[in-house]
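> Take a look at the following structure, please.
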Amino acid sequence: MADNDVTYAETYQRSIDDPEGFWLEAARGVDWISPPKQALDSSSAPLYRWFSGARLNTCYNALDRHVIAGRADELALIHDSAVTGEVRTFTYAQLLDEVARAAGVLQALGVEKGDRVVIYMPMIPETVISMLACARVGAVHSVVFGGFAASELAARIDDAQPKVVLSASCGVERTRIVEYKPMLDAALEKATHEVSHCVIVQRPQYEAEMGERDFDWEKVMAPGAVQPAGCVAVEATDPLYVLYTSGTTGRPKGIVRDNGGHAVALTWSMANIYGMRTGDVWFTASDVGWVVGHSYIVYAPLFAGLATVLYEGKPVGTPDAGAFWRVIEQHKVAGLFTAPTAIRAIKKEDPNAELLAERDISTLRTLFLAGERLDPDTYTWAHEKLGVPVVDNWWQTETGWPIVANPTGIETFEAKPGSATKPSPGYDVQVLSPDGAVLEPNTEGAVCIKLPLPPGTLPTLWQDDERYVSSYLSAFDGYYLTGDGGYIDEDGYVWIMGRTDDVLNVAGHRLSTGSLEAALAGHPAVAECAVIGVADPLKGQVPRALVVLKSGREFSDAEIEMLVDELRTRVRDEVGALASLSAVDVVQALPKTRSGKILRKTMRQMADGETPQVPGTIEDAGVLDALSGVLGPRDA
Ligand code: COA
Ligand code: AMP
C-alpha cells in the first residue's frame with residue numbers, strides 16, 4: 001500500500017461520489033498557465049469536457065518544468081535500437097533543446113495553434129521530438145503507425161487535413177528495411193488533401209529521394225538555422241492529438257485527446273496505477289503509433305519525470321528472446337510495459353528463460369501487460385520467470401489510460417490470472433444485458449462505463465460528434481459502450497472476454513475487418529468477401545479471408561493459387577504487412593441473414609472449434625454446411 005495508507009476502496013469511492021473534488025486535487029500534479037476552477041463541464045452533455053477555462057502547455061509539463069526544477073541533466077529519453085545497435089540518450093535539457101528547435105521548424109513552415117501535423121515515423125527519437133514539438137506550438141499531431149501502408153495513411157491524411165507531414169526515409173525491421181518515403185509519396189498522391197511541406201529524417205539505411213515540398217530534417221534543425229520556439233498556451237479542452245483507430249467499417253475513427261484532462265489523468269496514473277517515481281527508468285515495448293506508445297512511451301513517463309526507453313526492435317529475433325532482459329539490465333529499468341503477445345513470443349523461443357538467467361534484472365519492480373487478453377498461461381510463465389508482480393491492465397485507444405488495472409501505486413490486489421483486476425478510479429464500469437439492465441456478478445454481458453468518462457478519455461471523434469454519439473453512446477442511454485464483452489465477479493474483479501464487434505486484435509494491434517475487406521474487394525475477380533479473426537497461439541488472433549469470385553468462368557487450381565497470392569499482396573500493399581493475412585479461401589457463398597448481414601461471428605466460432613450460434617434469420621443454412629470443411633481450425 002502507498003505511504004499515506006489510503007486504500008483503493010476509499011480512493012475509488014471518492015472518485016465516483018465526488019469527481020469534482022477528486023480531479024481538482026489530481027490537477028495539482030500539473031503546471032497550469034491558468035489553473036482550473038472547475039473539473040467537470042456537463043454543459044454539452046452527453047459530450048462532457050474537463051477543466052474548461054483552464055490553460056496550460058503539454059510540452060511544458062513534459063519537459064520545461066523538470067529543467068526549471070533542477071533536473072536538466074537527468075535522463076529523459078533513452079533510444080535503444082536493437083536493429084541498428086545504437087543507443088542515444090537525451091537529458092531533459094537536451095530533449096528540450098531538440099523539441100524547441102523542431103517546434104521552431106514547424107512555426108517556420110506556417111504551423112499554428114490548432115493546425116494538424118501527421119507524423120509517419122519509425123521508433124526513433126525524432127518521433128518523440130516531433131510529437132512534443134507539436135504540443136509546444138499547440139498543433140494537433142496525428143501519428144500513423146509505420147506498419148500501415150499507403151491507403152491507410154492516405155485515409156488518415158484526408159481526415160486530419162495536416163499542413164505538414166513529418167516522416168523518415170525508412171524503418172528498420174527485423175528482416176528488412178521498410179522504405180517509408182515512397183509509401184508517404186504514394187499516400188500523398190492518393191489523398192485528395194494537399195500537404196504543403198514534408199520534413200524527412202534521412203536514415204543511413206536508405207536515402208530517400210526528396211521532392212519539391214520536402215525538407216531534410218537535419219538541415220532545417222541545425223542550430224542557427226532555426227529559431228527555437230517557446231510554449232504556446234492552449235485551452236485544457238483544445239485537442240493535443242488525433243489518433244486513428246479501427247472500428248468495424250473501413251473508415252478509421254479519429255480519437256481526439258484534449259490537453260488538460262490528458263495531462264491530469266496520465267500524471268495521476270503513473271504514480272497511482274503504475275507506481276513509478278521521479279527518476280525511475282521506464283520501458284514500454286510498444287510502438288508510438290499506438291495509444292500505449294502515445295501514453296506510456298511519451299507523455300506519462302515525461303510528465304512524471306521518469307527516463308523513458310524508446311526501443312526499436314522486437315521481443316525476439318533482434319537478436320534473440322533475451323532482448324528485453326538486456327534492455328532492463330543495461331538501462332536499469334524499474335517498470336516494463338508490453339503486450340502479452342511479446343511474452344508469448346519470448347516464451348516460445350526460450351521456454352526455460354535461459355537468456356533471462358544471464359541477466360541482472362533486479363531493478364525491475366513490475367511487469368505491466370495490455371493490448372489484448374492476458375491468458376493465464378502467459379501470466380503464470382511471466383510471474384514465475386521474472387519473479388515480480390505481473391499487472392494486467394485493460395483499456396483502449398478511446399480511453400488513453402487504464403479502465404481496469406491492479407492499482408499498484410495505491411494498493412496491490414492478489415491477481416486472478418485472466419482478470420485485469422478492478423476499475424480504475426474515475427471509471428464506473430458496469431456490465432449490461434442487451435436490454436440495458438445492470439447484470440448480477442458473474443453474468444457475462446456488454447462491458448460499459450457509466451457517463452461521464454474520467455479526464456483523459458476521448459471527448460469526441462475528430463470533427464464528428466454525431467459518429468461519436470452513434471458509435472459509443474447510443475447503445476445504452478447514459479453509458480459508453482466499450483465494444484468488449486465480459487463480467488464482474490463477486491470480488492469486483494473485471495473479466496474481459498473479447499470484442500463483441502468485428503474488430504480484430506492481431507498481436508495487440510487493432511485492425512478493422514472492413515479495411516481488409518475493402519482491399520480484397522478491390523480485386524477485379526472478387527464478387528464479395530468476409531474477413532474474420534481466428535484464434536492464434538502467438539498473435540492472439542489472425543485474420544482469415546473467405547472470398548467469393550465473380551461468376552462467368554471457371555478457375556483452375558493454379559489460377560486460384562495465383563489469385564490468393566495477389567489477394568495477400570493487395571492487403572500488404574493497401575493495409576500493411578502487420579495485417580498478417582495468410583489464410584485466404586475461395587468459397588461458393590458467404591452465410592448471411594435475410595437482411596444481408598454477413599455472419600462473421602458464426603464463421604469465427606466454426607473456425608475456432610466452438611459451437612456456432614446460428615441466428616434464426618439465416619438466409620440459407622446450407623451455406624454454413626458447405627463451409628464446415630473449409631473453416632476447420634488450421635495448423636498454426
Ligand atoms: N513498420 C513497418 N513494418 C512493420 C512495422 C513497422 N513499424 N511493424 C511491423 N511491421 C511488419 C513486419 O516487418 C512484418 O512484415 P513481414 O510480414 O514482411 O515480416 C509484419 O508487419 C508483421 O509484423 P509483426 O506483427 O511484428 O509480426 P512478426 O511475426 O514479425 O513478430 C511478434 C511477431 C509477436 C514478435 C510481434 O508481433 C510483436 O512484437 N508483438 C508485440 C506487439 C505489441 O507490442 N503491440 C502493441 C500493443 S501494446
Ligand atoms: P486498442 O484500442 O488498440 O488499444 O485496443 C483496445 C482493445 O484491445 C480493447 O477493446 C480490448 O478488446 C483489447 N484489450 C486491450 N487490453 C486488454 C486487456 N488487458 N485484456 C483484454 N483485452 C484487452
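Following the order of the C-alpha cells, chains are lettered A, B, ..., residues in each are numbered from 1, and ligands are numbered from 1.
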Taking 2 positions as the minimum chain separation for residues in the same chain, which residues sit within 12 Å of A:Ala45 when counting only C-alpha atoms? Answer as a PyMOL selection string.

chain A and resi 40-43+47-50+451-453+459-460+465+469+473+477-479

> Selected residues, C-alpha atoms, written as a PDB file, in the first residue's frame, please.


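And here is the file that came out, selection.pdb:
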ATOM      1  CA  LEU A  40     -16.332  18.579 -14.995  1.00  0.00           C
ATOM      2  CA  ASP A  41     -18.205  20.635 -17.565  1.00  0.00           C
ATOM      3  CA  SER A  42     -21.574  18.997 -18.317  1.00  0.00           C
ATOM      4  CA  SER A  43     -22.974  21.920 -20.296  1.00  0.00           C
ATOM      5  CA  LEU A  47     -20.381  15.419 -24.629  1.00  0.00           C
ATOM      6  CA  TYR A  48     -18.531  16.105 -21.372  1.00  0.00           C
ATOM      7  CA  ARG A  49     -15.403  18.244 -21.069  1.00  0.00           C
ATOM      8  CA  TRP A  50     -12.849  18.507 -18.264  1.00  0.00           C
ATOM      9  CA  LEU A 451     -21.058   8.572 -18.109  1.00  0.00           C
ATOM     10  CA  PRO A 452     -19.211  10.800 -17.615  1.00  0.00           C
ATOM     11  CA  LEU A 453     -15.931   9.176 -18.535  1.00  0.00           C
ATOM     12  CA  PRO A 459     -14.278  13.911 -25.630  1.00  0.00           C
ATOM     13  CA  THR A 460     -15.424  13.101 -29.187  1.00  0.00           C
ATOM     14  CA  ASP A 465     -19.693  14.448 -32.739  1.00  0.00           C
ATOM     15  CA  VAL A 469     -22.608   9.505 -30.196  1.00  0.00           C
ATOM     16  CA  LEU A 473     -23.238   6.456 -26.608  1.00  0.00           C
ATOM     17  CA  ASP A 477     -28.589   5.595 -22.573  1.00  0.00           C
ATOM     18  CA  GLY A 478     -26.111   7.197 -20.149  1.00  0.00           C
ATOM     19  CA  TYR A 479     -23.327   4.697 -20.874  1.00  0.00           C
TER      20      TYR A 479
END

> Which residues of chain A have any atom within 6 Å of an atom in ligand 2 when counting only C-alpha atoms and all ligand atoms, and what is the closest pair of atoms for each, with the distance in Å to one decimal? Order the rows by chain and rising number and write it as a tab-separated table.


residue	atom	partner	partner_atom_place_in_ligand_line	distance
A:Ala370	CA	ligand 2	19 (N)	4.2
A:Gly371	CA	ligand 2	15 (C)	3.5
A:Glu372	CA	ligand 2	23 (C)	3.6
A:Arg373	CA	ligand 2	21 (C)	3.3
A:Leu374	CA	ligand 2	20 (N)	5.7
A:Asp392	CA	ligand 2	19 (N)	5.3
A:Asn393	CA	ligand 2	19 (N)	4.4
A:Trp394	CA	ligand 2	19 (N)	3.5
A:Trp395	CA	ligand 2	16 (N)	5.1
A:Gln396	CA	ligand 2	2 (O)	3.7
A:Thr397	CA	ligand 2	2 (O)	3.7
A:Ala420	CA	ligand 2	19 (N)	5.8
A:Asp484	CA	ligand 2	12 (O)	5.5
A:Ile496	CA	ligand 2	21 (C)	5.1
A:Gly498	CA	ligand 2	12 (O)	5.2
A:Arg499	CA	ligand 2	12 (O)	4.9
A:His509	CA	ligand 2	3 (O)	5.5
A:Arg510	CA	ligand 2	3 (O)	4.4

> Check the DSSP output for the backbone and give back, as a list in words, the residues of stretch 580-623 of chain A in strand (DSSP E).

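Of stretch 580-623 of chain A, the ones in strand (DSSP E) are Ala583, Val584, Asp585, Val586 and Val587 of chain A.
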
> Identify, on the basis of only C-alpha atoms, every residue whose closest approach to A:Lys37 does not exceed 9 Å; exclude the query and any residue fewer than 3 positions from it along the same chain; express the result as a VMD selection string.

chain A and resid 24 34 51 to 54

> For the selection just defined, write its residues with N, CA and C atoms to a file, as a PDB file, in the first residue's frame.


ATOM      1  N   LEU A  24      -9.974  17.800  -9.231  1.00  0.00           N
ATOM      2  CA  LEU A  24      -9.310  19.088  -8.984  1.00  0.00           C
ATOM      3  C   LEU A  24      -8.059  18.869  -8.129  1.00  0.00           C
ATOM      4  N   SER A  34      -3.333  28.991 -16.482  1.00  0.00           N
ATOM      5  CA  SER A  34      -4.480  29.428 -15.668  1.00  0.00           C
ATOM      6  C   SER A  34      -5.072  28.171 -15.063  1.00  0.00           C
ATOM      7  N   PHE A  51     -12.021  20.468 -17.134  1.00  0.00           N
ATOM      8  CA  PHE A  51     -11.161  21.623 -16.864  1.00  0.00           C
ATOM      9  C   PHE A  51     -11.370  22.766 -17.868  1.00  0.00           C
ATOM     10  N   SER A  52     -12.619  22.964 -18.301  1.00  0.00           N
ATOM     11  CA  SER A  52     -12.925  24.078 -19.207  1.00  0.00           C
ATOM     12  C   SER A  52     -12.474  25.385 -18.562  1.00  0.00           C
ATOM     13  N   GLY A  53     -11.903  26.252 -19.364  1.00  0.00           N
ATOM     14  CA  GLY A  53     -11.478  27.561 -18.872  1.00  0.00           C
ATOM     15  C   GLY A  53     -10.036  27.582 -18.385  1.00  0.00           C
ATOM     16  N   ALA A  54      -9.463  26.405 -18.104  1.00  0.00           N
ATOM     17  CA  ALA A  54      -8.063  26.372 -17.656  1.00  0.00           C
ATOM     18  C   ALA A  54      -7.145  26.381 -18.873  1.00  0.00           C
TER      19      ALA A  54
END

> Which neighbours of A:Leu631 fall inside 8 Å, counting only C-alpha atoms, when residues of the same chain fewer than 6 positions from it are skipped, and could you give them as a PyMOL selection string?

chain A and resi 603+606-607

> Excluding A:Lys422 and residues on its chain fewer than 3 positions from it, collect all residues at most 6 Å away from it, counting only C-alpha atoms, and give them as a count of residues only.

4

> When you look at A:Glu207 with a cut-off of 12 Å (counting only C-alpha atoms), what residues show up, excluding the ones that are within fewer than 2 positions of it in the same chain? I need them as a PyMOL selection string.

chain A and resi 168-171+177-182+200-205+209-210+216

> Please produce an output containing C-alpha atoms for each residue in the selection, written as a PDB file, in the first residue's frame.


ATOM      1  CA  ALA A 168      11.620   9.374 -42.175  1.00  0.00           C
ATOM      2  CA  SER A 169      13.289   7.707 -45.107  1.00  0.00           C
ATOM      3  CA  CYS A 170      12.807   4.215 -43.658  1.00  0.00           C
ATOM      4  CA  GLY A 171      12.097   1.902 -40.781  1.00  0.00           C
ATOM      5  CA  ILE A 177      14.379  -2.142 -44.467  1.00  0.00           C
ATOM      6  CA  VAL A 178      10.890  -0.680 -44.894  1.00  0.00           C
ATOM      7  CA  GLU A 179      11.043   2.341 -47.189  1.00  0.00           C
ATOM      8  CA  TYR A 180       8.656   4.861 -45.655  1.00  0.00           C
ATOM      9  CA  LYS A 181       9.221   7.771 -48.038  1.00  0.00           C
ATOM     10  CA  PRO A 182       7.907   6.063 -51.207  1.00  0.00           C
ATOM     11  CA  ILE A 200      12.108  13.880 -43.713  1.00  0.00           C
ATOM     12  CA  VAL A 201      14.653  12.294 -41.385  1.00  0.00           C
ATOM     13  CA  GLN A 202      17.199  10.687 -43.695  1.00  0.00           C
ATOM     14  CA  ARG A 203      18.404   7.459 -42.112  1.00  0.00           C
ATOM     15  CA  PRO A 204      21.685   5.904 -43.287  1.00  0.00           C
ATOM     16  CA  GLN A 205      19.960   2.580 -44.090  1.00  0.00           C
ATOM     17  CA  GLU A 209      14.591  10.836 -52.920  1.00  0.00           C
ATOM     18  CA  MET A 210      13.456  14.344 -51.995  1.00  0.00           C
ATOM     19  CA  ASP A 216      15.744  17.414 -44.795  1.00  0.00           C
TER      20      ASP A 216
END
